[in-house]
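Visitor: Have a peek at start.csv (CSV, C-alpha atoms).
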```
chain,number,residue,atom,x,y,z
A,17,MET,CA,-1.2,0.9,-5.6
A,18,LEU,CA,-4.5,1.0,-7.4
A,19,CYS,CA,-4.6,-2.6,-8.8
A,20,ILE,CA,-2.7,-5.8,-8.3
A,21,PHE,CA,-0.7,-6.5,-11.3
A,22,PRO,CA,0.9,-9.8,-12.5
A,23,GLN,CA,4.0,-10.7,-10.5
A,24,SER,CA,7.2,-9.4,-12.0
A,25,THR,CA,10.9,-9.8,-11.2
A,26,ASN,CA,13.4,-7.2,-10.3
A,27,ASN,CA,15.5,-5.7,-13.1
A,28,ASN,CA,18.6,-7.4,-11.7
A,29,LYS,CA,18.8,-10.6,-13.7
A,30,ARG,CA,20.5,-12.4,-10.9
A,31,MET,CA,17.8,-11.5,-8.4
A,32,ARG,CA,14.2,-12.9,-8.8
A,33,PHE,CA,12.1,-10.5,-6.7
A,34,VAL,CA,8.4,-11.1,-5.9
A,35,ARG,CA,6.1,-9.3,-3.5
A,36,ILE,CA,3.6,-11.6,-1.7
A,37,ASN,CA,0.0,-10.3,-1.6
A,38,SER,CA,-1.5,-13.3,0.2
A,39,TYR,CA,-2.5,-13.3,3.9
A,40,THR,CA,-1.7,-17.0,4.3
A,41,ASP,CA,1.8,-18.3,3.7
A,42,SER,CA,3.6,-20.5,6.2
A,43,ARG,CA,7.0,-19.1,5.2
A,44,PHE,CA,6.2,-15.7,6.8
A,45,SER,CA,5.0,-14.4,10.1
A,46,GLN,CA,1.3,-13.6,10.2
A,47,ALA,CA,1.8,-10.0,11.5
A,48,VAL,CA,3.9,-9.1,8.5
A,49,LEU,CA,1.5,-10.9,6.1
A,50,TYR,CA,-1.2,-8.5,7.4
A,51,GLN,CA,1.1,-5.6,6.6
A,52,HIS,CA,2.0,-6.9,3.1
A,53,GLY,CA,5.7,-6.6,3.9
A,54,ASN,CA,6.7,-10.1,2.5
A,55,TYR,CA,8.9,-10.8,-0.4
A,56,LEU,CA,10.7,-13.6,-2.1
A,57,ILE,CA,14.2,-13.0,-3.4
A,58,ASN,CA,15.5,-15.9,-5.4
A,59,ASP,CA,12.7,-18.0,-3.9
A,60,LYS,CA,13.9,-17.2,-0.3
A,61,PRO,CA,11.6,-15.4,2.2
A,62,TYR,CA,12.4,-11.9,3.3
A,63,GLU,CA,10.3,-9.6,5.6
A,64,VAL,CA,10.1,-5.9,6.2
A,65,GLU,CA,8.0,-5.3,9.4
A,66,ILE,CA,6.8,-1.8,10.2
A,67,ILE,CA,7.4,-1.3,14.0
A,68,SER,CA,6.7,2.5,14.3
A,69,GLN,CA,5.6,5.5,12.3
A,70,GLY,CA,9.0,5.7,10.7
A,71,ALA,CA,10.9,2.5,11.3
A,72,ALA,CA,10.9,-1.1,10.1
A,73,ILE,CA,12.8,-4.4,10.8
A,74,VAL,CA,14.4,-6.2,7.8
A,75,ARG,CA,14.8,-10.0,8.0
A,76,GLY,CA,16.1,-12.4,5.5
A,77,GLU,CA,18.8,-14.9,4.6
A,78,THR,CA,21.3,-12.7,2.8
A,79,PRO,CA,21.9,-9.1,4.1
A,80,ALA,CA,23.6,-8.2,0.8
A,81,ASN,CA,20.0,-8.2,-0.7
A,82,TYR,CA,18.7,-5.8,1.9
A,83,PRO,CA,19.4,-2.6,-0.1
A,84,GLU,CA,17.3,-3.6,-3.1
A,85,LEU,CA,14.6,-5.0,-0.8
A,86,ILE,CA,14.5,-1.6,1.0
A,87,GLN,CA,14.2,0.3,-2.2
A,88,GLU,CA,11.3,-2.0,-3.3
A,89,PHE,CA,9.6,-1.6,0.0
A,90,LEU,CA,9.9,2.2,0.0
A,91,PHE,CA,7.8,2.3,-3.2
A,92,HIS,CA,4.9,1.0,-1.1
A,93,ALA,CA,5.8,2.8,2.2
A,94,PRO,CA,7.7,6.0,1.5
A,95,HIS,CA,7.1,7.3,5.1
A,96,ILE,CA,9.6,4.7,6.5
A,97,HIS,CA,13.0,6.2,6.9
A,98,THR,CA,14.9,4.0,9.3
A,99,PHE,CA,15.6,0.3,8.8
A,100,VAL,CA,17.1,-2.0,11.4
A,101,ASP,CA,18.0,-5.7,11.7
A,102,GLY,CA,16.7,-8.2,14.1
A,103,GLN,CA,19.1,-7.0,16.8
A,104,GLY,CA,18.0,-3.4,16.5
A,105,ASN,CA,21.1,-2.3,14.6
A,106,ILE,CA,20.5,0.4,12.0
A,107,ILE,CA,21.2,-1.0,8.5
A,108,ALA,CA,19.9,1.9,6.4
A,109,GLU,CA,18.5,5.4,6.7
A,110,VAL,CA,16.8,7.5,4.1
A,111,PRO,CA,15.7,11.2,4.2
A,112,LYS,CA,12.7,11.6,6.5
A,113,PRO,CA,9.7,12.5,4.3
A,114,LYS,CA,7.5,15.4,5.2
A,115,LEU,CA,4.2,14.2,6.6
A,116,ILE,CA,1.1,16.3,6.1
A,117,GLU,CA,-2.1,16.1,8.1
A,118,LEU,CA,-5.3,15.8,6.1
A,119,ASN,CA,-8.9,15.8,7.1
A,120,LEU,CA,-10.8,12.9,5.6
A,121,ASP,CA,-13.0,15.1,3.5
A,122,GLN,CA,-9.9,16.5,1.8
A,123,ILE,CA,-9.2,13.1,0.3
A,124,GLN,CA,-10.5,11.9,-3.1
A,125,PRO,CA,-10.3,8.1,-3.4
A,126,SER,CA,-9.0,6.6,-6.7
A,127,GLN,CA,-10.6,3.3,-5.8
A,128,PHE,CA,-14.2,2.5,-5.1
A,129,PHE,CA,-14.3,-1.0,-3.6
A,130,ILE,CA,-12.8,-2.3,-0.3
A,131,ASP,CA,-12.0,-5.9,0.4
A,132,GLU,CA,-13.4,-7.0,3.8
A,133,THR,CA,-10.6,-9.6,4.2
A,134,LYS,CA,-8.0,-6.9,3.8
A,135,LEU,CA,-10.0,-4.6,6.1
A,136,ALA,CA,-9.8,-7.3,8.8
A,137,ALA,CA,-6.0,-7.5,8.3
A,138,VAL,CA,-5.5,-3.8,8.5
A,139,LYS,CA,-7.4,-3.7,11.8
A,140,THR,CA,-4.7,-5.8,13.4
A,141,PHE,CA,-2.1,-3.0,13.2
A,142,ILE,CA,-4.0,0.3,13.0
A,143,LYS,CA,-4.5,1.4,16.6
A,144,ASN,CA,-5.0,5.2,16.3
A,145,GLU,CA,-5.0,8.0,13.8
A,146,GLY,CA,-1.2,8.3,13.8
A,147,ASP,CA,-0.9,4.8,12.4
A,148,ILE,CA,-2.6,5.7,9.2
A,149,ILE,CA,-0.1,7.1,6.6
A,150,ILE,CA,-1.0,7.1,2.9
A,151,GLN,CA,0.4,8.4,-0.3
A,152,VAL,CA,-1.5,11.2,-2.0
A,153,TRP,CA,-1.3,13.4,-5.0
A,154,PRO,CA,-2.3,17.1,-4.8
A,155,TRP,CA,-5.2,17.7,-7.2
A,156,ASN,CA,-8.0,20.2,-7.7
A,157,ARG,CA,-7.5,21.8,-4.2
A,158,ARG,CA,-7.8,18.4,-2.7
A,159,TYR,CA,-5.6,15.2,-2.5
A,160,VAL,CA,-6.1,12.0,-4.4
A,161,ALA,CA,-5.4,8.9,-2.4
A,162,LEU,CA,-2.9,6.7,-4.4
A,163,ASP,CA,-2.9,3.9,-1.9
A,164,GLY,CA,-4.2,3.1,1.6
A,165,HIS,CA,-7.9,3.0,0.7
A,166,THR,CA,-8.6,0.3,3.2
A,167,ARG,CA,-6.9,2.3,5.9
A,168,LEU,CA,-9.0,5.3,5.0
A,169,TYR,CA,-12.2,3.2,5.1
A,170,LEU,CA,-11.1,1.9,8.6
A,171,ALA,CA,-10.6,5.6,9.6
A,172,VAL,CA,-14.2,6.3,8.7
A,173,GLN,CA,-15.4,3.3,10.7
A,174,LYS,CA,-13.3,4.4,13.8
A,175,GLN,CA,-14.6,7.9,13.4
A,176,TYR,CA,-11.1,9.4,12.9
A,177,THR,CA,-11.2,12.9,11.4
A,178,LYS,CA,-7.6,13.1,10.3
A,179,VAL,CA,-4.8,11.0,8.8
A,180,ASN,CA,-1.2,11.5,7.8
A,181,ALA,CA,0.0,11.5,4.2
A,182,VAL,CA,3.1,11.7,2.0
A,183,GLU,CA,2.9,13.6,-1.3
A,184,SER,CA,3.9,11.4,-4.2
A,185,GLU,CA,4.0,11.5,-8.0
A,186,THR,CA,1.6,9.3,-9.9
A,187,ASP,CA,0.9,7.8,-13.3
A,188,GLU,CA,-1.2,9.3,-16.0
A,189,TYR,CA,-4.0,6.8,-15.5
A,190,THR,CA,-4.8,8.0,-12.0
A,191,LEU,CA,-7.2,10.7,-13.3
A,192,TYR,CA,-9.2,8.0,-15.1
A,193,PHE,CA,-9.6,6.1,-11.9
A,194,VAL,CA,-10.6,9.3,-10.1
A,195,THR,CA,-13.2,10.1,-12.8
A,196,GLU,CA,-14.6,6.6,-12.5
A,197,ALA,CA,-14.8,6.9,-8.7
A,198,GLN,CA,-16.7,10.2,-9.0
A,199,ARG,CA,-19.0,8.8,-11.6
A,200,ARG,CA,-19.9,6.2,-9.0
A,201,ASP,CA,-20.5,8.9,-6.4
A,202,VAL,CA,-17.3,8.2,-4.6
A,203,PHE,CA,-16.0,11.6,-3.5
A,204,SER,CA,-14.6,10.8,0.0
A,205,PRO,CA,-13.5,7.7,1.9
A,206,LYS,CA,-16.9,7.2,3.4
A,207,ASP,CA,-18.4,6.7,0.0
A,208,MET,CA,-16.4,3.5,-0.9
A,209,GLN,CA,-18.2,0.2,-0.9
A,210,LYS,CA,-17.1,-2.8,1.2
A,211,LEU,CA,-17.3,-6.1,-0.6
A,212,SER,CA,-16.6,-9.7,0.3
A,213,HIS,CA,-13.2,-10.9,-0.8
A,214,GLU,CA,-14.7,-12.9,-3.6
A,215,ALA,CA,-16.8,-10.0,-4.9
A,216,TYR,CA,-13.8,-7.6,-4.6
A,217,GLN,CA,-11.6,-10.0,-6.6
A,218,THR,CA,-14.2,-10.1,-9.3
A,219,LYS,CA,-15.4,-6.5,-9.5
A,220,TRP,CA,-12.2,-4.6,-8.8
A,221,HIS,CA,-9.7,-6.8,-10.6
A,222,ARG,CA,-12.0,-7.1,-13.6
A,223,PHE,CA,-12.2,-3.3,-13.8
A,224,CYS,CA,-8.4,-3.0,-13.6
A,225,ASP,CA,-7.8,-5.8,-16.1
A,226,ASN,CA,-10.3,-4.3,-18.6
A,227,TYR,CA,-8.8,-0.8,-18.3
A,228,PHE,CA,-5.2,-2.0,-19.0
A,229,LYS,CA,-6.2,-4.3,-21.8
A,230,GLU,CA,-7.9,-1.3,-23.5
A,231,ARG,CA,-4.7,0.8,-23.1
A,232,GLU,CA,-2.6,-2.0,-24.6
A,233,SER,CA,-4.9,-2.2,-27.6
A,234,LEU,CA,-4.5,1.6,-28.4
```
Take the structure from the file and write it as structure tokens.
Guide:
Amino acid sequence: MLCIFPQSTNNNKRMRFVRINSYTDSRFSQAVLYQHGNYLINDKPYEVEIISQGAAIVRGETPANYPELIQEFLFHAPHIHTFVDGQGNIIAEVPKPKLIELNLDQIQPSQFFIDETKLAAVKTFIKNEGDIIIQVWPWNRRYVALDGHTRLYLAVQKQYTKVNAVESETDEYTLYFVTEAQRRDVFSPKDMQKLSHEAYQTKWHRFCDNYFKERESL
């Protein structure tokens, strides 16, 4: 996800569905807040916690809501294919995606700033190269990172040479973000700039807001 957009609800009119982007919320466990696996469904808290490279635990008040929760979660984490409940019982399985192994220099970022607060959060659950799985789009004999930029920056810090990725489709605006990244001399994960949380909120969100406002005016 390139930018944080205004919160929206699920298409099901009976289900108000919101993803939580904060790292502090007493309704959720801290570990899952760091993973951004927290949601509100009809104002009730639900969690999807990644526990391995391909599995996650689903928690929440109403199991009947789990299928839509899982579909929403898969948009952000398509590498997860097995979902279990709190007792370890499998509640859903989807086809296992093909993982590809990429060298860091094969990856073109579509983002140019990194939030130091998010970087600290990501450090809590990335322990080795295998923990880093991002979504990419094949482009120009390389791969554009569609998400996971903070994880890629951490990989540079930890001197990892490779990460895992899942190929995904993307929107038409991705090339604009890639062009802007390269115009700012961002050609690989090591070129991204770490900012304070406040500076990131200002610079990155302003950039995103201005871009989409211009698109709306066309």
Visitor: Between A:Pro83, A:Gly104, A:Pro125, A:Pro111, which one has atoms that come closest to Leu168 of chain A, using all atoms listed in the file?
Guide: A:Pro125
Visitor: Would you list the contacts of Asn81 of chain A as a short mmCIF file (atom, residue, chain, number, x, y, z; two decimals) with C-alpha atoms, keeping the file's coordinate frame, taking every protein, DNA or RNA residue within 12 Å and counting all atoms listed in the file, but skipping same-chain residues closer than 2 positions in sequence?
Guide:
```
data_model
loop_
_atom_site.label_atom_id
_atom_site.label_comp_id
_atom_site.auth_asym_id
_atom_site.auth_seq_id
_atom_site.Cartn_x
_atom_site.Cartn_y
_atom_site.Cartn_z
CA ASN A 26 13.40 -7.20 -10.30
CA ASN A 28 18.60 -7.40 -11.70
CA ARG A 30 20.50 -12.40 -10.90
CA MET A 31 17.80 -11.50 -8.40
CA ARG A 32 14.20 -12.90 -8.80
CA PHE A 33 12.10 -10.50 -6.70
CA TYR A 55 8.90 -10.80 -0.40
CA LEU A 56 10.70 -13.60 -2.10
CA ILE A 57 14.20 -13.00 -3.40
CA ASN A 58 15.50 -15.90 -5.40
CA LYS A 60 13.90 -17.20 -0.30
CA PRO A 61 11.60 -15.40 2.20
CA TYR A 62 12.40 -11.90 3.30
CA GLU A 63 10.30 -9.60 5.60
CA VAL A 74 14.40 -6.20 7.80
CA ARG A 75 14.80 -10.00 8.00
CA GLY A 76 16.10 -12.40 5.50
CA GLU A 77 18.80 -14.90 4.60
CA THR A 78 21.30 -12.70 2.80
CA PRO A 79 21.90 -9.10 4.10
CA PRO A 83 19.40 -2.60 -0.10
CA GLU A 84 17.30 -3.60 -3.10
CA LEU A 85 14.60 -5.00 -0.80
CA ILE A 86 14.50 -1.60 1.00
CA GLN A 87 14.20 0.30 -2.20
CA GLU A 88 11.30 -2.00 -3.30
CA ILE A 107 21.20 -1.00 8.50
#
```
Visitor: Would you mind telling me which residue in A:Ala137, A:Leu49, A:Val100, A:Ile130 lies nearest to Asp163 of chain A when using all atoms listed in the file?
Guide: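 Smallest distance to Asp163 of chain A is found for A:Ile130.
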Visitor: Ranking A:Val172, A:Phe228, A:His221, A:Gln127 by minimum distance to Arg200 of chain A and counting only C-alpha atoms, which one comes first?
Guide: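 For Arg200 of chain A, the nearest of the given residues is A:Gln127.
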Visitor: Any idea what the distance is between atom CA of Gln124 of chain A and atom CA of Arg222 of chain A?
Guide: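 Here the two named atoms are 21.8 Å from each other.
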Visitor: Expressed in Å to a single decimal, how great is the separation between atom CA of Phe44 of chain A and atom CA of Val138 of chain A?
Guide: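 Going from atom CA of Phe44 of chain A over to atom CA of Val138 of chain A, I get 16.8 Å.
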Visitor: In Å to one decimal, how far is atom CA of Lys112 of chain A from atom CA of Ala47 of chain A?
Guide: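 Pair atom CA of Ala47 of chain A / atom CA of Lys112 of chain A returns 24.7 Å.
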Visitor: Within 12 Å of Thr195 of chain A, counting all atoms listed in the file, which residues show up once you throw out same-chain ones fewer than 4 positions away? Write them as JSON, numbers by chain, please.
Guide: {"A": [124, 125, 126, 127, 128, 160, 189, 190, 191, 199, 200, 201, 202, 203]}
Visitor: Extract, using all atoms listed in the file, all DNA, RNA and protein residues at most 6 Å from segment 175-188 of chain A, discarding same-chain residues fewer than 2 positions from it, and format them as a ChimeraX atom specification.
Guide: /A:115-120,145,148-153,171-173,190
